[in-house]
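All remarks here apply to the structure that follows.
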Amino acid sequence: AQESLANIKAHSHLNAFLHIDDQLTLTQARMADDMIRAGTATALTGIPIAHKDVFVTQGWRSTAGSKMLAQYKSPFDATVVDKLLKAGCVSLGKLNCDEFAMGSSNEHSAFGPTLNPWDHTAVPGGSSGASAAVVAARLVLASTGTDTGGSVRQPAALCGVSGIKPTYGCVSRYGMIAYGSSLDQAGPLAASSNDLVDMLDCMSGFDERDATSAVSCRGEPNASGRIKADYRKASNAFAASTVNPLQGLRIGVPREYFGEGLDNEVAARVEAAICQFEALGATRVSISLPNTRLSIPAYYVLAPAEASSNLSRYDGVRYGHRSESYTDLADMTSKSRTEGFGAEVQRRILVGTYVLSHGYYDAYYLQAQRLRRLIAQDFQTALKTQCDVIMGPVAPTVAKQIGANQEDPTADWLADIYTLSVNLAGLPGMSIPCGFAPGASGKPLPVGLQIIGDYFDEGRLLAIAHQYQ
Ligand code: GLN
């Protein structure tokens, strides 16, 4: 723990950690030590990790990358934080992210951007940018992230690490600062898919404090009678099932994922990875997900709508930032929000409030819900009749330069094209590194391969990824 803390301080230029506290970390390290001595250690005991600042933590501040919560300390731990602590993980602190997880580059953090460890002039992706950067820089072995529209998979791809967004409902959202509640899902990032197995095993499971927690997770009933997925078991069973576990696996490759906007070099790396899977015994099937392009308008109506509702709790009264000078209650709320929220968050609240308002609801929100259904149906048609998993790119390009899209806030939104639909459908998706392509500064930057599976098929996804890695 001491070595990790020193290493983090030596890499403070990455601006990845928002809050470290030596004493808290050392206490957790002693607890892990006690577990080892007592013979109660798990696969994760003593493993150095760190949490995206969207998970609330007792002790460390929980800011969600926002000035609004700059001094906020939670009276309880998020379920995910609690589970990893009980397994013996040692937390090194809280990780920078786009404000309230809104963004794809970490540039929308109120505390400045995190740098990509491969090229300090490039973004690490987002919104879980620092969660990916700290694993890439080997400051921790694993980290937590959240993925509403790609925020685990895209930074994992841009930093060359592995990350998984599980099926909606697999991991408890209790204690996760909300963005778009019907899309938000927590997931781990680590150096390899094999490491993700143990992380996800620990993080997942039914939680009665999350109303959308999935009781139908595949797996054995646990002691309390609740169903708990066992990814290690599923992953090992898949790997052991035949001599070559990839033999006969049908990989669906969506035509819509290889069209306009995809960088040639990125396409070549993804194509090479799919060829590698074929060489290992899998079969390629060309599929169509015809409504893919509609995922951008659908998501950027639904996510801001939910965000505008979720963020209404920051009113300057209950908690968070309160303006120092105001005339009356309405003025206090207005000034507190104007000062506390950054530009991107304000933009989303405006869009969200607009699409939910009387007279516009039917035209925007309701229509977007219909698109969401069509997008989910596309995946089901493919996964039920044509293929076992779907593969394609995670992002259309490698990490952009910091500040590159400053003039056009919607340019980043368009780059979410390959990840948003997975959240809209609630499916599991992961990103694994599949090579490098030249970045704008000339340095090579990582490329990610996305693997999408059917509901609750995380065990197999992780095992498939492990065959490649
Ligand atoms: N880039 C997307 C957005 O800005 C996704 C972010 C996320 O998954 N949290 O909303």
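By convention here, the chains of the structure tokens are called A, B, ... in the order presented, each chain's residues are numbered starting at 1, and ligands are numbered starting at 1 in the order presented.
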Point to revise | Test item: residues no farther than 6 Å from ligand 1, counting only C-alpha atoms and all ligand atoms, as an MDAnalysis selection string | key: chainID A and resid 101:104 127 147:151 416
Test item: residues at most 7 Å from Ser128 of chain A, only C-alpha atoms, excluding those fewer than 6 positions along its chain, as a short mmCIF file (atom, residue, chain, number, x, y, z; two decimals) with C-alpha atoms, in the first residue's frame:
```cif
data_model
loop_
_atom_site.label_atom_id
_atom_site.label_comp_id
_atom_site.auth_asym_id
_atom_site.auth_seq_id
_atom_site.Cartn_x
_atom_site.Cartn_y
_atom_site.Cartn_z
CA LYS A 52 -14.43 6.26 -9.89
CA CYS A 97 -14.13 11.59 -14.26
CA GLY A 145 -16.12 2.61 -13.52
CA THR A 146 -19.66 3.34 -14.62
CA SER A 151 -17.98 5.12 -20.14
CA VAL A 152 -16.25 1.89 -19.13
CA PRO A 155 -11.78 4.77 -21.90
#
```
Review point. Which neighbours of Arg370 of chain A fall inside 12 Å, counting only C-alpha atoms, when residues of the same chain fewer than 2 positions from it are skipped, and could you give them as an NGL selection string?
Key: :A and (291 or 294-295 or 297-299 or 301-302 or 362-368 or 372-377 or 424-425)
Would you tabulate, counting only C-alpha atoms, all residues of segment 60-83 of chain A that have an atom at most 12 Å from an atom of segment 206-216 of chain A, showing the closest pair of atoms and their distance in Å to one decimal, sorted by chain then ascending number, as JSON lines?
```
{"residue": "A:Ala78", "atom": "CA", "partner": "A:Arg209", "partner_atom": "CA", "distance": 10.3}
{"residue": "A:Thr79", "atom": "CA", "partner": "A:Asp207", "partner_atom": "CA", "distance": 8.1}
{"residue": "A:Val80", "atom": "CA", "partner": "A:Asp207", "partner_atom": "CA", "distance": 10.2}
{"residue": "A:Lys83", "atom": "CA", "partner": "A:Asp207", "partner_atom": "CA", "distance": 11.1}
```
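In terms of minimum interatomic distance to Gly426 of chain A, A:Gly169 ranks closest within A:Gly169, A:Pro396, A:Pro188, A:Gly439, counting only C-alpha atoms.
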Check your understanding: What does the distance from atom CA of Ser288 of chain A to atom CA of Ile390 of chain A come to in Å, to one decimal?
Key ->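 Here the two named atoms are 10.6 Å from each other.
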Point to revise | Polymer residues at most 8 Å from Ile8 of chain A, only C-alpha atoms, same-chain spacing of 4 or more positions, as a PyMOL selection string | key: chain A and resi 4+12+139
Can you write just those residues out, N, CA and C atoms, as a PDB file, in the first residue's frame?
```pdb
ATOM      1  N   SER A   4       2.303   1.694  -3.425  1.00  0.00           N
ATOM      2  CA  SER A   4       1.283   2.189  -4.370  1.00  0.00           C
ATOM      3  C   SER A   4       1.015   3.671  -4.157  1.00  0.00           C
ATOM      4  N   SER A  12       1.436  12.186 -10.202  1.00  0.00           N
ATOM      5  CA  SER A  12       0.349  13.150  -9.985  1.00  0.00           C
ATOM      6  C   SER A  12       0.095  14.008 -11.229  1.00  0.00           C
ATOM      7  N   LEU A 139      -0.837   1.942 -11.824  1.00  0.00           N
ATOM      8  CA  LEU A 139      -0.865   2.525 -10.475  1.00  0.00           C
ATOM      9  C   LEU A 139      -1.729   1.666  -9.557  1.00  0.00           C
TER      10      LEU A 139
END
```
Practice item. Using atom CA of Glu107 of chain A and atom CA of Asp331 of chain A as the two end points, give the distance in Å to one decimal. Key: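 Computing it gives 29.0 Å between the two atoms.
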Check your understanding: Which parts of segment 149-287 of chain A does DSSP call alpha helix (DSSP H) when run on the backbone here, written out as a VMD selection string?
Key -> chain A and resid 153 to 159 193 to 203 231 to 241 264 to 279
Kindly export the residues of the current selection with N, CA and C atoms, as a CSV table (one decimal), in the first residue's frame.
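Saved file part10.csv follows:
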```
chain,number,residue,atom,x,y,z
A,153,ARG,N,-16.2,1.1,-21.4
A,153,ARG,CA,-15.6,0.5,-22.6
A,153,ARG,C,-14.7,1.5,-23.4
A,154,GLN,N,-15.2,2.7,-23.6
A,154,GLN,CA,-14.5,3.7,-24.4
A,154,GLN,C,-13.1,4.1,-23.8
A,155,PRO,N,-13.1,4.5,-22.5
A,155,PRO,CA,-11.8,4.8,-21.9
A,155,PRO,C,-10.9,3.5,-21.8
A,156,ALA,N,-11.5,2.4,-21.6
A,156,ALA,CA,-10.6,1.1,-21.6
A,156,ALA,C,-10.0,1.0,-23.0
A,157,ALA,N,-10.7,1.2,-24.0
A,157,ALA,CA,-10.2,1.1,-25.4
A,157,ALA,C,-9.1,2.2,-25.6
A,158,LEU,N,-9.4,3.4,-25.2
A,158,LEU,CA,-8.4,4.5,-25.5
A,158,LEU,C,-7.2,4.4,-24.6
A,159,CYS,N,-7.2,3.7,-23.5
A,159,CYS,CA,-6.0,3.5,-22.7
A,159,CYS,C,-5.4,2.2,-22.8
A,193,SER,N,-8.9,-9.5,-19.3
A,193,SER,CA,-10.3,-10.0,-19.0
A,193,SER,C,-10.3,-11.0,-17.9
A,194,ASN,N,-9.2,-11.7,-17.7
A,194,ASN,CA,-9.2,-12.7,-16.6
A,194,ASN,C,-9.2,-12.0,-15.2
A,195,ASP,N,-8.6,-10.9,-15.1
A,195,ASP,CA,-8.7,-10.1,-13.9
A,195,ASP,C,-10.1,-9.5,-13.7
A,196,LEU,N,-10.8,-9.2,-14.8
A,196,LEU,CA,-12.2,-8.7,-14.7
A,196,LEU,C,-13.1,-9.7,-14.1
A,197,VAL,N,-12.8,-11.0,-14.3
A,197,VAL,CA,-13.7,-12.1,-13.8
A,197,VAL,C,-13.8,-12.0,-12.3
A,198,ASP,N,-12.7,-11.9,-11.6
A,198,ASP,CA,-12.8,-11.8,-10.2
A,198,ASP,C,-13.4,-10.5,-9.7
A,199,MET,N,-13.1,-9.5,-10.4
A,199,MET,CA,-13.7,-8.2,-10.0
A,199,MET,C,-15.3,-8.2,-10.2
A,200,LEU,N,-15.7,-8.7,-11.3
A,200,LEU,CA,-17.1,-8.7,-11.6
A,200,LEU,C,-17.9,-9.7,-10.7
A,201,ASP,N,-17.2,-10.8,-10.4
A,201,ASP,CA,-17.8,-11.8,-9.4
A,201,ASP,C,-18.1,-11.1,-8.1
A,202,CYS,N,-17.2,-10.3,-7.7
A,202,CYS,CA,-17.3,-9.6,-6.4
A,202,CYS,C,-18.4,-8.5,-6.5
A,203,MET,N,-18.3,-7.7,-7.5
A,203,MET,CA,-19.2,-6.5,-7.6
A,203,MET,C,-20.6,-6.9,-7.8
A,231,TYR,N,-19.2,-15.7,-12.3
A,231,TYR,CA,-18.5,-15.6,-13.6
A,231,TYR,C,-17.2,-16.4,-13.7
A,232,ARG,N,-16.6,-16.6,-12.5
A,232,ARG,CA,-15.4,-17.4,-12.5
A,232,ARG,C,-15.8,-18.9,-13.0
A,233,LYS,N,-16.9,-19.3,-12.4
A,233,LYS,CA,-17.3,-20.7,-12.7
A,233,LYS,C,-17.8,-20.7,-14.2
A,234,ALA,N,-18.5,-19.7,-14.6
A,234,ALA,CA,-19.0,-19.7,-16.0
A,234,ALA,C,-17.8,-19.6,-17.0
A,235,SER,N,-16.9,-18.8,-16.6
A,235,SER,CA,-15.7,-18.6,-17.5
A,235,SER,C,-14.9,-19.8,-17.6
A,236,ASN,N,-14.7,-20.5,-16.4
A,236,ASN,CA,-13.9,-21.7,-16.4
A,236,ASN,C,-14.6,-22.8,-17.2
A,237,ALA,N,-15.9,-22.9,-17.0
A,237,ALA,CA,-16.7,-23.9,-17.6
A,237,ALA,C,-16.6,-23.8,-19.1
A,238,PHE,N,-16.7,-22.6,-19.6
A,238,PHE,CA,-16.7,-22.4,-21.0
A,238,PHE,C,-15.3,-22.8,-21.6
A,239,ALA,N,-14.2,-22.3,-20.9
A,239,ALA,CA,-12.9,-22.6,-21.3
A,239,ALA,C,-12.6,-24.1,-21.3
A,240,ALA,N,-13.3,-24.9,-20.4
A,240,ALA,CA,-13.0,-26.3,-20.3
A,240,ALA,C,-14.0,-27.1,-21.1
A,241,SER,N,-15.0,-26.5,-21.8
A,241,SER,CA,-16.1,-27.2,-22.4
A,241,SER,C,-15.6,-28.1,-23.5
A,264,ASN,N,-9.6,4.4,-40.7
A,264,ASN,CA,-9.0,3.2,-41.4
A,264,ASN,C,-8.1,2.3,-40.5
A,265,GLU,N,-7.3,3.0,-39.8
A,265,GLU,CA,-6.3,2.2,-39.0
A,265,GLU,C,-7.0,1.5,-37.9
A,266,VAL,N,-8.0,2.1,-37.3
A,266,VAL,CA,-8.8,1.5,-36.2
A,266,VAL,C,-9.5,0.3,-36.8
A,267,ALA,N,-10.1,0.5,-38.0
A,267,ALA,CA,-10.8,-0.6,-38.6
A,267,ALA,C,-9.9,-1.8,-38.9
A,268,ALA,N,-8.7,-1.5,-39.3
A,268,ALA,CA,-7.7,-2.5,-39.6
A,268,ALA,C,-7.4,-3.4,-38.4
A,269,ARG,N,-7.2,-2.7,-37.2
A,269,ARG,CA,-6.8,-3.4,-36.0
A,269,ARG,C,-8.0,-4.3,-35.5
A,270,VAL,N,-9.2,-3.8,-35.6
A,270,VAL,CA,-10.4,-4.5,-35.2
A,270,VAL,C,-10.6,-5.7,-36.2
A,271,GLU,N,-10.4,-5.5,-37.4
A,271,GLU,CA,-10.5,-6.5,-38.4
A,271,GLU,C,-9.5,-7.7,-38.1
A,272,ALA,N,-8.3,-7.2,-37.8
A,272,ALA,CA,-7.2,-8.2,-37.5
A,272,ALA,C,-7.6,-9.0,-36.3
A,273,ALA,N,-8.2,-8.4,-35.3
A,273,ALA,CA,-8.6,-9.1,-34.1
A,273,ALA,C,-9.6,-10.2,-34.4
A,274,ILE,N,-10.6,-9.8,-35.2
A,274,ILE,CA,-11.7,-10.7,-35.6
A,274,ILE,C,-11.1,-11.9,-36.4
A,275,CYS,N,-10.1,-11.6,-37.3
A,275,CYS,CA,-9.4,-12.7,-38.0
A,275,CYS,C,-8.7,-13.6,-37.1
A,276,GLN,N,-8.2,-13.1,-36.0
A,276,GLN,CA,-7.5,-13.9,-35.0
A,276,GLN,C,-8.5,-14.9,-34.4
A,277,PHE,N,-9.7,-14.3,-34.1
A,277,PHE,CA,-10.7,-15.2,-33.5
A,277,PHE,C,-11.1,-16.3,-34.5
A,278,GLU,N,-11.1,-16.0,-35.8
A,278,GLU,CA,-11.4,-17.0,-36.8
A,278,GLU,C,-10.3,-18.0,-36.8
A,279,ALA,N,-9.1,-17.5,-36.8
A,279,ALA,CA,-8.0,-18.5,-36.8
A,279,ALA,C,-8.0,-19.4,-35.6
```
Exercise for review: Based on DSSP run over this structure's backbone, return all residues of segment 364-435 of chain A in strand (DSSP E), as a PyMOL selection string.
Suggested key: chain A and resi 389-393+429-435
Practice item. Please provide the set of residues having any atom within 6 Å of Pro428 of chain A, restricted to only C-alpha atoms, with same-chain residues fewer than 2 positions apart removed, written as a VMD selection string. Key: chain A and resid 165 to 167 452 to 453
Practice item. Write out as a VMD selection string which residues come within 6 Å of segment 399-402 of chain A when counting only C-alpha atoms, dropping same-chain ones fewer than 5 positions away. Key: chain A and resid 121 to 123 158
Filtering to N, CA and C atoms, could you give me those residues as a short mmCIF file (atom, residue, chain, number, x, y, z; two decimals), in the first residue's frame?
```
data_model
loop_
_atom_site.label_atom_id
_atom_site.label_comp_id
_atom_site.auth_asym_id
_atom_site.auth_seq_id
_atom_site.Cartn_x
_atom_site.Cartn_y
_atom_site.Cartn_z
N THR A 121 -0.58 14.38 -24.28
CA THR A 121 -1.35 15.42 -24.97
C THR A 121 -2.72 14.89 -25.41
N ALA A 122 -2.97 13.61 -25.14
CA ALA A 122 -4.24 12.98 -25.57
C ALA A 122 -5.15 12.76 -24.37
N VAL A 123 -6.46 12.67 -24.64
CA VAL A 123 -7.43 12.39 -23.57
C VAL A 123 -7.38 10.89 -23.25
N LEU A 158 -9.36 3.40 -25.22
CA LEU A 158 -8.43 4.49 -25.50
C LEU A 158 -7.16 4.44 -24.65
#
```
